[in-house]
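First comes the structure, then the notes that go with it.
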Amino acid sequence: MAKVHVVNVSVLENPSTFLSKFQFEITFECVEDLQEDLEWKIIYVGSAESEEYDQVLDTVYVGPVPEGRHLFVFEADPADASKIPPSELVGVTVVLVTCSYKGQEFVRVGYYVNNAYSDPEMQENPPEVPKLDAVTRNILASQPRVTKFKIDWDDAKETENIPPCNDNAPLDGTLNTTATTASNSSSSIIDPIKSTLLESSNSASAMEVA
């Protein structure tokens with residue numbers, strides 16, 4: 001049984017500019033004291049075509065973690081535009097928030113990110129060289145995709161490293177947060193969530209994870 005449950009993730013300062021920091025307020029619950037730290041990452045998918053453009057924007061270790069509910073704000077610098085193909089800077093991509101224990105990822109929350117010019121004229125006639133100071137970043141936070149992985153915890157008597165199971169039940173009356181059987185590839189999460197997240201441009205800034 002999982003010893004850590006992500007209860008809520010709120011996207012702060014959203015929408016914002018492309019050059020603004022990412023900010024996520026994360027609430028998680030620990031069912032018993034952990035022997036080691038939790039490793040949290042924010043990963044920006046630079047291109048759907050190749051994982052080589054993925055960027056780990058920041059990594060933070062949280063611990064020691066006692067039993068109970070905990071909250072912290074995870075902040076990271078924006079993606080390095082020089083490491084992203086110019087054609088991929090404006091448009092839709094994905095940002096991931098992941099958590100691992102003892103080097104094993106056990107939860108991943110993926111959001112679609114829409115990077116677009118706010119100026120209608122620039123939307124119609126985008127510059128050949130993207131002007132990032134004119135780009136608005138909107139994290140579509142109302143329909144995240146949550147992937148859960150079974151791992152070996154401190155007192156595991158047998159291995160639990162098997163593919164994640166589907167959990168398609170809505171968590172409440174308004175939000176349908178879905179677990180996916182995506183592999184540990186960040187780019188593999190893009191296609192399954194594109195159709196749903198692109199439908200919502202006026203997204204809420206919070207979600208809940210069972």
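Going through the structure tokens in order, the chains are called A, B, and so on, while each chain numbers its residues from 1 and the ligands are numbered from 1 in the order shown.
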
Segment 36-38 of chain A: which residues within 8 Å, counting only C-alpha atoms, same-chain residues fewer than 2 positions away excluded, as a PyMOL selection string?
chain A and resi 34+40+61-65+99-102

So that I can check the surroundings of Ser16 of chain A, please list as an mmCIF file with all heavy atoms, in the first residue's frame every protein, DNA and RNA residue that reaches within 7 Å of it, counting only C-alpha atoms and ignoring chain neighbours fewer than 5 positions away.
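Written out: result-v2.cif:
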data_model
loop_
_atom_site.group_PDB
_atom_site.id
_atom_site.type_symbol
_atom_site.label_atom_id
_atom_site.label_comp_id
_atom_site.auth_asym_id
_atom_site.auth_seq_id
_atom_site.Cartn_x
_atom_site.Cartn_y
_atom_site.Cartn_z
ATOM 1 N N THR A 136 2.206 34.562 -23.392
ATOM 2 C CA THR A 136 1.508 34.227 -22.145
ATOM 3 C C THR A 136 1.478 32.712 -21.978
ATOM 4 O O THR A 136 1.167 31.985 -22.918
ATOM 5 C CB THR A 136 0.068 34.763 -22.157
ATOM 6 O OG1 THR A 136 0.105 36.195 -22.211
ATOM 7 C CG2 THR A 136 -0.688 34.332 -20.897
ATOM 8 N N ARG A 137 1.814 32.256 -20.785
ATOM 9 C CA ARG A 137 1.790 30.821 -20.464
ATOM 10 C C ARG A 137 0.558 30.516 -19.627
ATOM 11 O O ARG A 137 0.375 31.065 -18.545
ATOM 12 C CB ARG A 137 3.053 30.444 -19.688
ATOM 13 C CG ARG A 137 3.141 28.953 -19.342
ATOM 14 C CD ARG A 137 4.363 28.675 -18.494
ATOM 15 N NE ARG A 137 4.226 29.203 -17.151
ATOM 16 C CZ ARG A 137 5.242 29.702 -16.438
ATOM 17 N NH1 ARG A 137 6.450 29.768 -16.947
ATOM 18 N NH2 ARG A 137 5.027 30.160 -15.216
ATOM 19 N N ASN A 138 -0.285 29.640 -20.151
ATOM 20 C CA ASN A 138 -1.504 29.248 -19.429
ATOM 21 C C ASN A 138 -1.461 27.751 -19.163
ATOM 22 O O ASN A 138 -1.528 26.941 -20.087
ATOM 23 C CB ASN A 138 -2.747 29.605 -20.249
ATOM 24 C CG ASN A 138 -4.035 29.301 -19.502
ATOM 25 O OD1 ASN A 138 -4.034 29.168 -18.279
ATOM 26 N ND2 ASN A 138 -5.130 29.185 -20.222
#

Hey, what does DSSP flag as strand (DSSP E or B) within segment 18-81 of chain A? Can you give it to me as a ChimeraX atom specification?
/A:22-30,38-45,55-62,68-76

Let me see the file: selected residues, C-alpha atoms, as a CSV table (one decimal), in the first residue's frame.
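New file selection_3.csv:
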chain,number,residue,atom,x,y,z
A,22,PHE,CA,6.4,27.9,-12.2
A,23,GLN,CA,4.7,27.7,-8.8
A,24,PHE,CA,2.8,24.7,-7.5
A,25,GLU,CA,1.3,24.4,-4.0
A,26,ILE,CA,1.4,20.7,-3.1
A,27,THR,CA,-0.5,19.0,-0.3
A,28,PHE,CA,0.3,15.4,0.5
A,29,GLU,CA,-0.4,13.0,3.2
A,30,CYS,CA,2.0,10.4,4.7
A,38,LEU,CA,10.8,12.4,-0.9
A,39,GLU,CA,12.3,13.6,-4.2
A,40,TRP,CA,10.0,16.1,-6.1
A,41,LYS,CA,10.7,17.3,-9.7
A,42,ILE,CA,9.2,19.8,-12.2
A,43,ILE,CA,9.8,18.7,-15.7
A,44,TYR,CA,9.1,20.7,-18.8
A,45,VAL,CA,8.5,18.8,-22.1
A,55,GLN,CA,14.2,19.9,-19.0
A,56,VAL,CA,14.2,19.2,-15.2
A,57,LEU,CA,13.5,22.7,-14.0
A,58,ASP,CA,14.1,21.9,-10.4
A,59,THR,CA,14.5,19.1,-7.9
A,60,VAL,CA,13.7,19.4,-4.2
A,61,TYR,CA,14.1,16.8,-1.4
A,62,VAL,CA,11.5,16.9,1.3
A,68,GLY,CA,0.4,13.4,8.8
A,69,ARG,CA,-0.6,16.0,6.2
A,70,HIS,CA,2.0,18.4,4.7
A,71,LEU,CA,2.0,21.4,2.4
A,72,PHE,CA,4.7,23.2,0.6
A,73,VAL,CA,5.1,25.5,-2.5
A,74,PHE,CA,7.4,24.1,-5.2
A,75,GLU,CA,8.9,26.9,-7.3
A,76,ALA,CA,11.1,26.6,-10.4

Of the listed residues A:Gln35, A:Gln104, A:Ser50, A:Asn14, that which approaches Leu140 of chain A most closely, counting only C-alpha atoms:
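Checking each of A:Gln35, A:Gln104, A:Ser50, A:Asn14 against Leu140 of chain A, counting only C-alpha atoms, the winner is A:Asn14.
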
With only C-alpha atoms as the atoms that count, which of A:Phe149, A:Pro66, A:Met1, A:Gln123 lies nearest to Val107 of chain A?
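Under the stated criterion, the closest residue is A:Phe149.
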
Using DSSP on the backbone coordinates, identify the residues of segment 121-161 of chain A assigned to alpha helix (DSSP H); present them as number ranges by chain.
A: 121-124
